[in-house]
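Peer 1: Just so it is clear, I am handing over work-v9.cif, which has mmCIF, C-alpha atoms.
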```cif
data_work
loop_
_atom_site.group_PDB
_atom_site.id
_atom_site.type_symbol
_atom_site.label_atom_id
_atom_site.label_comp_id
_atom_site.auth_asym_id
_atom_site.auth_seq_id
_atom_site.Cartn_x
_atom_site.Cartn_y
_atom_site.Cartn_z
ATOM 1 C CA ALA A 361 -9.791 9.449 -13.252
ATOM 2 C CA GLY A 362 -8.313 11.063 -10.159
ATOM 3 C CA LEU A 363 -10.431 12.631 -7.471
ATOM 4 C CA ARG A 364 -11.341 16.283 -7.964
ATOM 5 C CA LEU A 365 -12.604 17.792 -4.734
ATOM 6 C CA GLY A 366 -14.583 20.967 -4.328
ATOM 7 C CA PRO A 367 -13.794 23.284 -1.410
ATOM 8 C CA PRO A 368 -14.699 21.658 1.939
ATOM 9 C CA PRO A 369 -16.862 23.294 4.603
ATOM 10 C CA PRO A 370 -14.858 25.818 6.653
ATOM 11 C CA PRO A 371 -12.649 25.595 8.677
ATOM 12 C CA ARG A 372 -11.449 22.585 6.683
ATOM 13 C CA THR A 373 -8.909 22.796 3.902
ATOM 14 C CA PRO A 374 -8.453 20.486 0.904
ATOM 15 C CA ALA A 375 -5.480 18.961 2.757
ATOM 16 C CA ASP A 376 -7.788 18.116 5.696
ATOM 17 C CA VAL A 377 -10.132 16.305 3.331
ATOM 18 C CA TRP A 378 -7.252 14.355 1.806
ATOM 19 C CA LEU A 379 -6.289 13.410 5.347
ATOM 20 C CA GLN A 380 -9.740 11.936 5.894
ATOM 21 C CA ILE A 381 -9.637 10.085 2.579
ATOM 22 C CA GLY A 382 -6.241 8.631 3.405
ATOM 23 C CA HIS A 383 -7.363 7.694 6.900
ATOM 24 C CA ILE A 384 -10.385 5.788 5.560
ATOM 25 C CA HIS A 385 -8.057 3.808 3.289
ATOM 26 C CA GLU A 386 -5.693 3.221 6.216
ATOM 27 C CA LEU A 387 -8.488 1.840 8.378
ATOM 28 C CA GLN A 388 -9.256 -0.584 5.531
ATOM 29 C CA LYS A 389 -5.542 -1.521 5.329
ATOM 30 C CA ASN A 390 -5.397 -0.154 1.795
ATOM 31 C CA PHE A 391 -1.979 1.348 2.416
ATOM 32 C CA ALA A 392 -1.369 2.375 -1.193
ATOM 33 C CA GLY A 393 -4.638 4.325 -1.238
ATOM 34 C CA ALA A 394 -3.815 5.835 2.141
ATOM 35 C CA MET A 395 -0.389 6.991 1.030
ATOM 36 C CA GLU A 396 -1.825 8.459 -2.161
ATOM 37 C CA GLY A 397 -4.353 10.445 -0.136
ATOM 38 C CA TYR A 398 -1.781 11.702 2.342
ATOM 39 C CA GLN A 399 0.700 12.657 -0.368
ATOM 40 C CA SER A 400 -2.049 14.502 -2.256
ATOM 41 C CA GLY A 401 -2.755 16.455 0.908
ATOM 42 C CA LEU A 402 0.916 17.280 1.406
ATOM 43 C CA ALA A 403 1.124 18.470 -2.193
ATOM 44 C CA ASP A 404 -1.606 20.963 -1.299
ATOM 45 C CA ASP A 405 -0.120 21.872 2.094
ATOM 46 C CA PRO A 406 3.508 20.757 2.596
ATOM 47 C CA ASN A 407 3.440 21.952 6.229
ATOM 48 C CA HIS A 408 0.377 19.961 7.352
ATOM 49 C CA THR A 409 1.737 18.277 10.481
ATOM 50 C CA LYS A 410 -1.088 15.743 10.849
ATOM 51 C CA LEU A 411 -0.474 14.501 7.308
ATOM 52 C CA MET A 412 3.202 14.167 8.157
ATOM 53 C CA GLN A 413 2.272 12.053 11.173
ATOM 54 C CA HIS A 414 0.146 9.721 9.072
ATOM 55 C CA VAL A 415 2.787 9.309 6.367
ATOM 56 C CA ALA A 416 5.412 8.643 9.036
ATOM 57 C CA TRP A 417 3.143 6.082 10.695
ATOM 58 C CA LEU A 418 2.775 4.181 7.424
ATOM 59 C CA LYS A 419 6.556 4.224 7.036
ATOM 60 C CA LEU A 420 6.975 2.941 10.585
ATOM 61 C CA GLN A 421 4.640 -0.036 10.116
ATOM 62 C CA ASP A 422 5.123 -3.243 8.165
ATOM 63 C CA THR A 423 3.819 -1.799 4.904
ATOM 64 C CA PRO A 424 5.292 -1.486 1.387
ATOM 65 C CA PHE A 425 6.363 2.020 2.425
ATOM 66 C CA ALA A 426 8.323 0.978 5.536
ATOM 67 C CA ASN A 427 11.308 3.274 6.018
ATOM 68 C CA VAL A 428 12.237 4.288 9.568
ATOM 69 C CA VAL A 429 14.789 6.867 8.441
ATOM 70 C CA GLU A 430 12.257 8.721 6.286
ATOM 71 C CA ALA A 431 9.635 8.491 9.034
ATOM 72 C CA THR A 432 12.077 10.017 11.506
ATOM 73 C CA GLN A 433 12.908 12.872 9.137
ATOM 74 C CA LEU A 434 9.226 13.656 8.600
ATOM 75 C CA LEU A 435 8.482 13.682 12.308
ATOM 76 C CA ARG A 436 11.449 15.891 13.079
ATOM 77 C CA ARG A 437 10.125 18.404 10.599
ATOM 78 C CA SER A 438 6.636 18.067 12.095
ATOM 79 C CA SER A 439 8.045 18.719 15.584
ATOM 80 C CA GLU A 440 9.768 21.864 14.310
ATOM 81 C CA LEU A 441 6.536 23.145 12.766
ATOM 82 C CA ASP A 442 4.435 22.328 15.841
ATOM 83 C CA PRO A 443 6.483 21.395 18.912
ATOM 84 C CA THR A 444 3.321 21.284 21.075
ATOM 85 C CA ASP A 445 1.869 18.136 19.457
ATOM 86 C CA ALA A 446 2.364 15.116 21.745
ATOM 87 C CA GLN A 447 1.515 12.693 18.948
ATOM 88 C CA THR A 448 4.512 13.778 16.891
ATOM 89 C CA TRP A 449 6.880 13.268 19.825
ATOM 90 C CA TYR A 450 5.321 9.891 20.584
ATOM 91 C CA LEU A 451 5.729 8.634 17.033
ATOM 92 C CA LEU A 452 9.272 9.999 16.944
ATOM 93 C CA GLY A 453 9.972 7.937 20.050
ATOM 94 C CA ARG A 454 8.607 4.868 18.275
ATOM 95 C CA CYS A 455 10.933 5.560 15.335
ATOM 96 C CA HIS A 456 13.979 5.849 17.575
ATOM 97 C CA LEU A 457 12.979 2.654 19.395
ATOM 98 C CA ALA A 458 12.674 0.800 16.087
ATOM 99 C CA ALA A 459 16.176 2.029 15.219
ATOM 100 C CA LYS A 460 17.422 0.887 18.675
ATOM 101 C CA ASN A 461 18.367 4.448 19.540
ATOM 102 C CA TYR A 462 17.129 4.125 23.094
ATOM 103 C CA THR A 463 18.443 7.437 24.419
ATOM 104 C CA ASN A 464 16.670 9.457 21.722
ATOM 105 C CA SER A 465 13.560 7.320 22.142
ATOM 106 C CA HIS A 466 13.466 8.156 25.852
ATOM 107 C CA THR A 467 13.971 11.857 25.116
ATOM 108 C CA SER A 468 11.116 11.903 22.590
ATOM 109 C CA TYR A 469 8.771 10.010 24.901
ATOM 110 C CA GLN A 470 9.601 12.466 27.678
ATOM 111 C CA GLN A 471 8.639 15.343 25.390
ATOM 112 C CA ALA A 472 5.358 13.554 24.671
ATOM 113 C CA VAL A 473 4.686 13.065 28.398
ATOM 114 C CA TYR A 474 5.183 16.796 29.005
ATOM 115 C CA ARG A 475 2.348 17.409 26.550
ATOM 116 C CA ASP A 476 0.034 14.452 27.251
ATOM 117 C CA GLU A 477 0.800 12.742 30.540
ATOM 118 C CA LYS A 478 -2.366 10.613 30.558
ATOM 119 C CA SER A 479 -1.933 8.730 27.271
ATOM 120 C CA PRO A 480 -2.123 4.949 27.914
ATOM 121 C CA THR A 481 -0.548 4.205 24.545
ATOM 122 C CA LEU A 482 2.402 6.426 25.387
ATOM 123 C CA TRP A 483 2.935 4.793 28.777
ATOM 124 C CA CYS A 484 2.697 1.322 27.238
ATOM 125 C CA SER A 485 5.442 2.245 24.778
ATOM 126 C CA ILE A 486 7.563 3.751 27.553
ATOM 127 C CA GLY A 487 7.207 0.436 29.388
ATOM 128 C CA ILE A 488 8.442 -1.400 26.286
ATOM 129 C CA LEU A 489 11.471 0.869 26.113
ATOM 130 C CA TYR A 490 12.365 0.215 29.754
ATOM 131 C CA PHE A 491 11.774 -3.524 29.298
ATOM 132 C CA LYS A 492 14.116 -3.624 26.303
ATOM 133 C CA ILE A 493 16.930 -1.940 28.233
ATOM 134 C CA GLY A 494 16.431 -4.130 31.316
ATOM 135 C CA GLN A 495 14.951 -1.534 33.674
ATOM 136 C CA HIS A 496 12.157 -3.746 34.975
ATOM 137 C CA LYS A 497 10.977 -1.582 37.856
ATOM 138 C CA GLU A 498 10.544 1.406 35.563
ATOM 139 C CA ALA A 499 8.781 -0.811 33.005
ATOM 140 C CA LEU A 500 6.358 -1.977 35.697
ATOM 141 C CA ASP A 501 5.645 1.616 36.700
ATOM 142 C CA ALA A 502 4.978 2.609 33.077
ATOM 143 C CA TYR A 503 2.697 -0.365 32.386
ATOM 144 C CA SER A 504 0.822 0.345 35.616
ATOM 145 C CA LYS A 505 0.193 3.911 34.497
ATOM 146 C CA ALA A 506 -1.037 2.697 31.106
ATOM 147 C CA ILE A 507 -3.501 0.351 32.816
ATOM 148 C CA ARG A 508 -4.641 3.098 35.169
ATOM 149 C CA PHE A 509 -5.511 5.324 32.209
ATOM 150 C CA ASN A 510 -7.002 2.504 30.092
ATOM 151 C CA PRO A 511 -7.443 -1.007 31.542
ATOM 152 C CA HIS A 512 -8.847 -2.318 28.245
ATOM 153 C CA MET A 513 -5.637 -2.550 26.175
ATOM 154 C CA SER A 514 -4.705 -6.187 25.640
ATOM 155 C CA ALA A 515 -1.155 -5.270 24.582
ATOM 156 C CA VAL A 516 -0.252 -3.693 27.906
ATOM 157 C CA TRP A 517 -1.585 -6.690 29.858
ATOM 158 C CA TYR A 518 0.426 -9.024 27.615
ATOM 159 C CA ASN A 519 3.534 -6.906 28.134
ATOM 160 C CA LEU A 520 2.968 -6.897 31.868
ATOM 161 C CA GLY A 521 2.763 -10.679 31.722
ATOM 162 C CA THR A 522 6.060 -11.024 29.872
ATOM 163 C CA LEU A 523 7.672 -8.647 32.353
ATOM 164 C CA TYR A 524 6.484 -10.752 35.295
ATOM 165 C CA GLU A 525 7.574 -13.939 33.517
ATOM 166 C CA SER A 526 11.062 -12.579 32.971
ATOM 167 C CA CYS A 527 11.236 -12.021 36.746
ATOM 168 C CA ARG A 528 9.821 -15.536 37.419
ATOM 169 C CA GLN A 529 6.707 -14.073 39.039
ATOM 170 C CA ILE A 530 4.560 -16.751 37.438
ATOM 171 C CA PRO A 531 1.248 -16.202 39.318
ATOM 172 C CA ASP A 532 1.360 -12.479 38.474
ATOM 173 C CA ALA A 533 2.188 -13.289 34.847
ATOM 174 C CA LYS A 534 -0.746 -15.690 34.640
ATOM 175 C CA ASP A 535 -3.102 -13.046 36.001
ATOM 176 C CA ALA A 536 -1.868 -10.493 33.453
ATOM 177 C CA TYR A 537 -2.256 -12.936 30.549
ATOM 178 C CA GLN A 538 -5.753 -13.768 31.740
ATOM 179 C CA HIS A 539 -6.696 -10.107 31.463
ATOM 180 C CA ALA A 540 -5.105 -9.950 27.999
ATOM 181 C CA ILE A 541 -6.937 -12.992 26.683
ATOM 182 C CA GLU A 542 -10.275 -11.721 28.004
ATOM 183 C CA LEU A 543 -9.731 -8.546 25.990
ATOM 184 C CA ASP A 544 -8.366 -10.301 22.873
ATOM 185 C CA PRO A 545 -9.457 -13.964 22.964
ATOM 186 C CA GLU A 546 -8.320 -14.745 19.395
ATOM 187 C CA ARG A 547 -4.710 -13.561 19.786
ATOM 188 C CA GLN A 548 -2.617 -16.704 19.362
ATOM 189 C CA CYS A 549 0.493 -15.433 21.150
ATOM 190 C CA ILE A 550 -1.556 -14.747 24.291
ATOM 191 C CA LYS A 551 -2.996 -18.263 24.214
ATOM 192 C CA ALA A 552 0.509 -19.652 23.757
ATOM 193 C CA ARG A 553 1.769 -17.666 26.734
ATOM 194 C CA MET A 554 -1.005 -19.121 28.895
ATOM 195 C CA GLN A 555 0.006 -22.603 27.771
ATOM 196 C CA GLY A 556 3.618 -21.771 28.533
ATOM 197 C CA ILE A 557 2.656 -20.755 32.073
ATOM 198 C CA ALA A 558 1.182 -24.231 32.566
ATOM 199 C CA ARG A 559 4.381 -25.833 31.235
ATOM 200 C CA LEU A 560 6.524 -23.782 33.611
ATOM 201 C CA ALA A 561 4.344 -24.848 36.541
ATOM 202 C CA GLU A 562 4.735 -28.505 35.580
ATOM 203 C CA ASN A 563 8.452 -28.225 34.717
ATOM 204 C CA PRO A 564 10.130 -25.669 36.998
ATOM 205 C CA HIS A 565 13.548 -26.592 35.600
ATOM 206 C CA LEU A 566 12.607 -25.053 32.233
ATOM 207 C CA SER A 567 13.585 -21.464 31.534
ATOM 208 C CA VAL A 568 11.104 -18.835 30.390
ATOM 209 C CA GLU A 569 13.163 -18.444 27.199
ATOM 210 C CA GLU A 570 12.899 -22.157 26.398
ATOM 211 C CA VAL A 571 9.144 -22.203 26.815
ATOM 212 C CA ASN A 572 8.492 -18.999 24.871
ATOM 213 C CA ARG A 573 11.261 -19.155 22.276
ATOM 214 C CA ASP A 574 9.068 -18.275 19.279
ATOM 215 C CA LEU A 575 6.761 -15.768 20.980
ATOM 216 C CA PRO A 576 7.058 -11.972 20.999
ATOM 217 C CA SER A 577 8.463 -10.557 24.220
ATOM 218 C CA TYR A 578 6.139 -7.563 23.914
ATOM 219 C CA LEU A 579 3.312 -6.216 21.776
ATOM 220 C CA ASP A 580 3.349 -2.683 20.474
ATOM 221 C CA PRO A 581 0.119 -0.819 21.176
ATOM 222 C CA VAL A 582 -1.934 -0.481 18.024
ATOM 223 C CA VAL A 583 -2.060 3.161 17.060
ATOM 224 C CA LEU A 584 -3.815 4.959 14.271
ATOM 225 C CA PRO A 585 -2.911 8.582 14.845
ATOM 226 C CA CYS A 586 -6.097 10.379 15.778
ATOM 227 C CA LEU A 587 -7.496 13.048 13.520
ATOM 228 C CA ASP A 588 -8.193 15.320 16.496
ATOM 229 C CA ARG A 589 -10.629 18.035 15.453
ATOM 230 C CA LEU A 590 -11.098 16.400 12.055
ATOM 231 C CA THR A 591 -13.278 13.658 13.556
ATOM 232 C CA GLU A 592 -15.374 15.717 15.931
ATOM 233 C CA SER A 593 -19.065 14.989 15.370
ATOM 234 C CA THR A 594 -20.138 18.474 14.366
ATOM 235 C CA ALA A 595 -22.524 19.149 11.518
ATOM 236 C CA GLY A 596 -19.672 20.389 9.359
ATOM 237 C CA ASP A 597 -17.644 17.269 10.087
ATOM 238 C CA ALA A 598 -20.554 14.996 9.230
ATOM 239 C CA ALA A 599 -21.114 16.821 5.952
ATOM 240 C CA ALA A 600 -17.420 16.645 5.093
ATOM 241 C CA SER A 601 -17.262 12.935 5.903
ATOM 242 C CA GLN A 602 -20.230 12.283 3.629
ATOM 243 C CA MET A 603 -18.562 14.312 0.901
ATOM 244 C CA VAL A 604 -15.346 12.301 1.240
ATOM 245 C CA ILE A 605 -17.177 8.990 1.050
ATOM 246 C CA ALA A 606 -19.337 10.097 -1.860
ATOM 247 C CA ALA A 607 -16.213 11.163 -3.744
ATOM 248 C CA MET A 608 -14.572 7.807 -3.052
ATOM 249 C CA GLN A 609 -17.642 5.906 -4.191
ATOM 250 C CA GLN A 610 -17.838 7.955 -7.376
ATOM 251 C CA ASP A 611 -14.170 7.368 -8.099
ATOM 252 C CA SER A 612 -13.948 3.647 -7.347
ATOM 253 C CA GLY A 613 -17.499 2.368 -7.168
ATOM 254 C CA ALA A 614 -16.722 0.776 -3.825
ATOM 255 C CA ALA A 615 -19.137 1.005 -0.960
ATOM 256 C CA VAL A 616 -17.471 2.670 1.998
ATOM 257 C CA ALA A 617 -19.180 2.960 5.366
ATOM 258 C CA ALA A 618 -19.154 6.388 6.975
ATOM 259 C CA PHE A 619 -17.249 6.638 10.229
ATOM 260 C CA ALA A 620 -18.771 8.263 13.265
#
```
Would you encode the structure as structure tokens?
Peer 2:
Amino acid sequence: AGLRLGPPPPPRTPADVWLQIGHIHELQKNFAGAMEGYQSGLADDPNHTKLMQHVAWLKLQDTPFANVVEATQLLRRSSELDPTDAQTWYLLGRCHLAAKNYTNSHTSYQQAVYRDEKSPTLWCSIGILYFKIGQHKEALDAYSKAIRFNPHMSAVWYNLGTLYESCRQIPDAKDAYQHAIELDPERQCIKARMQGIARLAENPHLSVEEVNRDLPSYLDPVVLPCLDRLTESTAGDAAASQMVIAAMQQDSGAAVAAFA
């Protein structure tokens, strides 16, 4: 049987609750369950911009729902409904980057910066854009800003390392990879990059491309679009979260841990 939800505590709406249900599934990498939750929410409120963001994010990732064109269309509509939301502009920039539309990606990222200039994830993605189009100085500036706002993102340290490697600044690359591996010691591509640094030191005639042929030249920052006010730890939020989880347990019998 499908879920039947009673009215949530104000100021929540049924669509907000479906957003939480979908987000719980998304965190568990149950993408089908996540999409079902988000689509149920959009059926209740077709203009819910946060639901549009989540659906677009699923379509932007490597999931059964991957479709960059549809993700872009959703985010454009979301930006029309609420042009003040930096997250929409950021995700739209990611869509354009995936489609190799670098000019539109830059424009969307710039709109996001106007609204949230201190987002490390945003600056990491801006650095990737500049790296892809060969503007290394601008990429370095963007990565540096990302690190200033959050020095604990392994992806940005990895990307900084590949940037330095491409410029044959091997000691700087090694230092960046060391930071990345301390933050994410199990990531195989980071370990391989460290091994490649050693090979380059021993064999200076080798090119960076030869050594790292099968390794990614950058890592996208991992983003699960935040739920903003929907995850604030107020009494109403806690009650709503418990209600969501209880409904899920009743429907599927699965034990789901409450999120803070």
Peer 1: Excluding region 465-477 of chain A and residues on its chain fewer than 2 positions from it, collect all residues at most 7 Å away from it, counting all atoms listed in the file, and give them as a VMD selection string.
Peer 2: chain A and resid 444 446 to 447 449 to 450 452 to 454 456 to 457 461 to 463 479 486
Peer 1: Atoms to include: C-alpha atoms. Write the selected residues as a PDB file, in the coordinates of the input.
Peer 2:
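Generated output (again.pdb):
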```
ATOM      1  CA  THR A 444       3.321  21.284  21.075  1.00  0.00           C
ATOM      2  CA  ALA A 446       2.364  15.116  21.745  1.00  0.00           C
ATOM      3  CA  GLN A 447       1.515  12.693  18.948  1.00  0.00           C
ATOM      4  CA  TRP A 449       6.880  13.268  19.825  1.00  0.00           C
ATOM      5  CA  TYR A 450       5.321   9.891  20.584  1.00  0.00           C
ATOM      6  CA  LEU A 452       9.272   9.999  16.944  1.00  0.00           C
ATOM      7  CA  GLY A 453       9.972   7.937  20.050  1.00  0.00           C
ATOM      8  CA  ARG A 454       8.607   4.868  18.275  1.00  0.00           C
ATOM      9  CA  HIS A 456      13.979   5.849  17.575  1.00  0.00           C
ATOM     10  CA  LEU A 457      12.979   2.654  19.395  1.00  0.00           C
ATOM     11  CA  ASN A 461      18.367   4.448  19.540  1.00  0.00           C
ATOM     12  CA  TYR A 462      17.129   4.125  23.094  1.00  0.00           C
ATOM     13  CA  THR A 463      18.443   7.437  24.419  1.00  0.00           C
ATOM     14  CA  SER A 479      -1.933   8.730  27.271  1.00  0.00           C
ATOM     15  CA  ILE A 486       7.563   3.751  27.553  1.00  0.00           C
TER      16      ILE A 486
END
```
Peer 1: Mind dumping a table of every region 418-516 of chain A residue within 10 Å of region 558-580 of chain A, with the nearest atom pair and its distance in Å to one decimal, using all atoms listed in the file, sorted by chain and rising number, as JSON lines?
Peer 2:
```
{"residue": "A:Arg454", "atom": "CA", "partner": "A:Asp580", "partner_atom": "CA", "distance": 9.5}
{"residue": "A:Thr481", "atom": "CA", "partner": "A:Asp580", "partner_atom": "CA", "distance": 8.9}
{"residue": "A:Cys484", "atom": "CA", "partner": "A:Asp580", "partner_atom": "CA", "distance": 7.9}
{"residue": "A:Ser485", "atom": "CA", "partner": "A:Asp580", "partner_atom": "CA", "distance": 6.9}
{"residue": "A:Gly487", "atom": "CA", "partner": "A:Tyr578", "partner_atom": "CA", "distance": 9.8}
{"residue": "A:Ile488", "atom": "CA", "partner": "A:Tyr578", "partner_atom": "CA", "distance": 7.0}
{"residue": "A:Phe491", "atom": "CA", "partner": "A:Tyr578", "partner_atom": "CA", "distance": 8.8}
{"residue": "A:Lys492", "atom": "CA", "partner": "A:Ser577", "partner_atom": "CA", "distance": 9.2}
{"residue": "A:Ser514", "atom": "CA", "partner": "A:Leu579", "partner_atom": "CA", "distance": 8.9}
{"residue": "A:Ala515", "atom": "CA", "partner": "A:Leu579", "partner_atom": "CA", "distance": 5.4}
{"residue": "A:Val516", "atom": "CA", "partner": "A:Leu579", "partner_atom": "CA", "distance": 7.5}
```
Peer 1: Need the axis-aligned box for region 435-443 of chain A with 4 Å each side, so what are the centre and edges in Å to one decimal, as lines of an AutoDock Vina configuration file?
Peer 2:
```
center_x = 7.9
center_y = 18.4
center_z = 14.8
size_x = 15.0
size_y = 17.5
size_z = 16.3
```
Peer 1: Have a look at CA of Gly401 (chain A) and CA of Ala375 (chain A) and let me know their distance in Å, one decimal.
Peer 2: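 If I compute the distance from CA of Gly401 (chain A) to CA of Ala375 (chain A), I get 4.1 Å.
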Peer 1: Which one is closest to Leu411 (chain A): A:Glu386, A:Asp445, A:Glu542, A:Asp376? Count all atoms listed in the file.
Peer 2: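 Counting all atoms listed in the file, the residue closest to Leu411 (chain A) is A:Asp376.
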Peer 1: I'd like to see the residues matched by the PyMOL selection byres ((chain A and resi 509) around 8) on this file, and ideally I'd get them as a ChimeraX atom specification.
Peer 2: /A:478-480,505-508,510-511
Peer 1: Could you please determine the separation between CA of Asp442 (chain A) and CA of Trp417 (chain A) in Å, to one decimal place?
Peer 2: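 According to the coordinates, CA of Asp442 (chain A) and CA of Trp417 (chain A) are separated by 17.1 Å.
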Peer 1: Considering only C-alpha atoms, state which residue in the set A:Met395, A:Cys455, A:Met412, A:Leu420 is at the smallest distance from Arg437 (chain A).
Peer 2: A:Met412
Peer 1: Determine, counting all atoms listed in the file, which protein, DNA and RNA residues have an atom within 10 Å of an atom of Glu525 (chain A); residues of the same chain fewer than 2 positions away are not included. Present the result as a PDB file with C-alpha atoms, in the coordinates of the input.
Peer 2:
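The result, stored in result02.pdb:
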```
ATOM      1  CA  ASN A 519       3.534  -6.906  28.134  1.00  0.00           C
ATOM      2  CA  LEU A 520       2.968  -6.897  31.868  1.00  0.00           C
ATOM      3  CA  GLY A 521       2.763 -10.679  31.722  1.00  0.00           C
ATOM      4  CA  THR A 522       6.060 -11.024  29.872  1.00  0.00           C
ATOM      5  CA  LEU A 523       7.672  -8.647  32.353  1.00  0.00           C
ATOM      6  CA  CYS A 527      11.236 -12.021  36.746  1.00  0.00           C
ATOM      7  CA  ARG A 528       9.821 -15.536  37.419  1.00  0.00           C
ATOM      8  CA  GLN A 529       6.707 -14.073  39.039  1.00  0.00           C
ATOM      9  CA  ILE A 530       4.560 -16.751  37.438  1.00  0.00           C
ATOM     10  CA  PRO A 531       1.248 -16.202  39.318  1.00  0.00           C
ATOM     11  CA  ASP A 532       1.360 -12.479  38.474  1.00  0.00           C
ATOM     12  CA  ALA A 533       2.188 -13.289  34.847  1.00  0.00           C
ATOM     13  CA  LYS A 534      -0.746 -15.690  34.640  1.00  0.00           C
ATOM     14  CA  ARG A 553       1.769 -17.666  26.734  1.00  0.00           C
ATOM     15  CA  ILE A 557       2.656 -20.755  32.073  1.00  0.00           C
ATOM     16  CA  LEU A 560       6.524 -23.782  33.611  1.00  0.00           C
ATOM     17  CA  SER A 567      13.585 -21.464  31.534  1.00  0.00           C
ATOM     18  CA  VAL A 568      11.104 -18.835  30.390  1.00  0.00           C
ATOM     19  CA  GLU A 569      13.163 -18.444  27.199  1.00  0.00           C
ATOM     20  CA  SER A 577       8.463 -10.557  24.220  1.00  0.00           C
TER      21      SER A 577
END
```
Peer 1: Using only C-alpha atoms, which residue out of A:Ala392, A:Ala499, A:Pro545, A:Gln555 lies closest to Ala426 (chain A)?
Peer 2: A:Ala392
Peer 1: Do a neighbour search on Tyr537 (chain A) at 7 Å with all atoms listed in the file, toss out local chain neighbours closer than 2 positions, and write the hits as an MDAnalysis selection string.
Peer 2: chainID A and resid 517:518 521 533:535 539:541 550 554
Peer 1: Could you write those residues out with C-alpha atoms, as a PDB file, in the frame of the given file?
Peer 2:
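For reference, out-v8.pdb as written:
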```pdb
ATOM      1  CA  TRP A 517      -1.585  -6.690  29.858  1.00  0.00           C
ATOM      2  CA  TYR A 518       0.426  -9.024  27.615  1.00  0.00           C
ATOM      3  CA  GLY A 521       2.763 -10.679  31.722  1.00  0.00           C
ATOM      4  CA  ALA A 533       2.188 -13.289  34.847  1.00  0.00           C
ATOM      5  CA  LYS A 534      -0.746 -15.690  34.640  1.00  0.00           C
ATOM      6  CA  ASP A 535      -3.102 -13.046  36.001  1.00  0.00           C
ATOM      7  CA  HIS A 539      -6.696 -10.107  31.463  1.00  0.00           C
ATOM      8  CA  ALA A 540      -5.105  -9.950  27.999  1.00  0.00           C
ATOM      9  CA  ILE A 541      -6.937 -12.992  26.683  1.00  0.00           C
ATOM     10  CA  ILE A 550      -1.556 -14.747  24.291  1.00  0.00           C
ATOM     11  CA  MET A 554      -1.005 -19.121  28.895  1.00  0.00           C
TER      12      MET A 554
END
```
Peer 1: Separation of CA of Ala552 (chain A) and CA of Leu500 (chain A), in Å?
Peer 2: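 Computed distance, CA of Ala552 (chain A) to CA of Leu500 (chain A), equals 22.1 Å.
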Peer 1: List as an MDAnalysis selection string the protein and nucleic acid residues near Trp378 (chain A), meaning an atom at most 7 Å away when all atoms listed in the file are counted, but skip any in the same chain fewer than 4 places from it.
Peer 2: chainID A and resid 374 382 397:398 400:401
Peer 1: Save N, CA, C and O atoms of region 497-506 of chain A from the block above as a PDB file, in the first residue's frame.
Peer 2:
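File produced: result.pdb:
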```pdb
ATOM      1  N   LYS A 497      45.166  29.921 -13.777  1.00  0.00           N
ATOM      2  CA  LYS A 497      45.262  30.903 -12.703  1.00  0.00           C
ATOM      3  C   LYS A 497      43.906  31.108 -12.036  1.00  0.00           C
ATOM      4  O   LYS A 497      43.800  31.148 -10.800  1.00  0.00           O
ATOM      5  N   GLU A 498      42.875  31.224 -12.853  1.00  0.00           N
ATOM      6  CA  GLU A 498      41.526  31.394 -12.295  1.00  0.00           C
ATOM      7  C   GLU A 498      41.080  30.145 -11.540  1.00  0.00           C
ATOM      8  O   GLU A 498      40.392  30.245 -10.514  1.00  0.00           O
ATOM      9  N   ALA A 499      41.473  28.962 -12.028  1.00  0.00           N
ATOM     10  CA  ALA A 499      41.149  27.724 -11.314  1.00  0.00           C
ATOM     11  C   ALA A 499      41.820  27.708  -9.950  1.00  0.00           C
ATOM     12  O   ALA A 499      41.201  27.331  -8.938  1.00  0.00           O
ATOM     13  N   LEU A 500      43.088  28.126  -9.906  1.00  0.00           N
ATOM     14  CA  LEU A 500      43.805  28.178  -8.628  1.00  0.00           C
ATOM     15  C   LEU A 500      43.123  29.132  -7.661  1.00  0.00           C
ATOM     16  O   LEU A 500      42.949  28.811  -6.473  1.00  0.00           O
ATOM     17  N   ASP A 501      42.708  30.288  -8.151  1.00  0.00           N
ATOM     18  CA  ASP A 501      42.016  31.248  -7.287  1.00  0.00           C
ATOM     19  C   ASP A 501      40.721  30.657  -6.732  1.00  0.00           C
ATOM     20  O   ASP A 501      40.407  30.819  -5.539  1.00  0.00           O
ATOM     21  N   ALA A 502      39.968  29.954  -7.583  1.00  0.00           N
ATOM     22  CA  ALA A 502      38.691  29.381  -7.145  1.00  0.00           C
ATOM     23  C   ALA A 502      38.917  28.267  -6.123  1.00  0.00           C
ATOM     24  O   ALA A 502      38.230  28.211  -5.094  1.00  0.00           O
ATOM     25  N   TYR A 503      39.870  27.380  -6.384  1.00  0.00           N
ATOM     26  CA  TYR A 503      40.165  26.313  -5.429  1.00  0.00           C
ATOM     27  C   TYR A 503      40.635  26.892  -4.094  1.00  0.00           C
ATOM     28  O   TYR A 503      40.293  26.376  -3.024  1.00  0.00           O
ATOM     29  N   SER A 504      41.436  27.951  -4.170  1.00  0.00           N
ATOM     30  CA  SER A 504      41.932  28.578  -2.938  1.00  0.00           C
ATOM     31  C   SER A 504      40.787  29.134  -2.106  1.00  0.00           C
ATOM     32  O   SER A 504      40.788  29.034  -0.871  1.00  0.00           O
ATOM     33  N   LYS A 505      39.800  29.714  -2.783  1.00  0.00           N
ATOM     34  CA  LYS A 505      38.634  30.224  -2.056  1.00  0.00           C
ATOM     35  C   LYS A 505      37.848  29.076  -1.434  1.00  0.00           C
ATOM     36  O   LYS A 505      37.382  29.178  -0.285  1.00  0.00           O
ATOM     37  N   ALA A 506      37.698  27.977  -2.160  1.00  0.00           N
ATOM     38  CA  ALA A 506      36.983  26.823  -1.612  1.00  0.00           C
ATOM     39  C   ALA A 506      37.667  26.324  -0.346  1.00  0.00           C
ATOM     40  O   ALA A 506      37.010  26.021   0.662  1.00  0.00           O
TER      41      ALA A 506
END
```
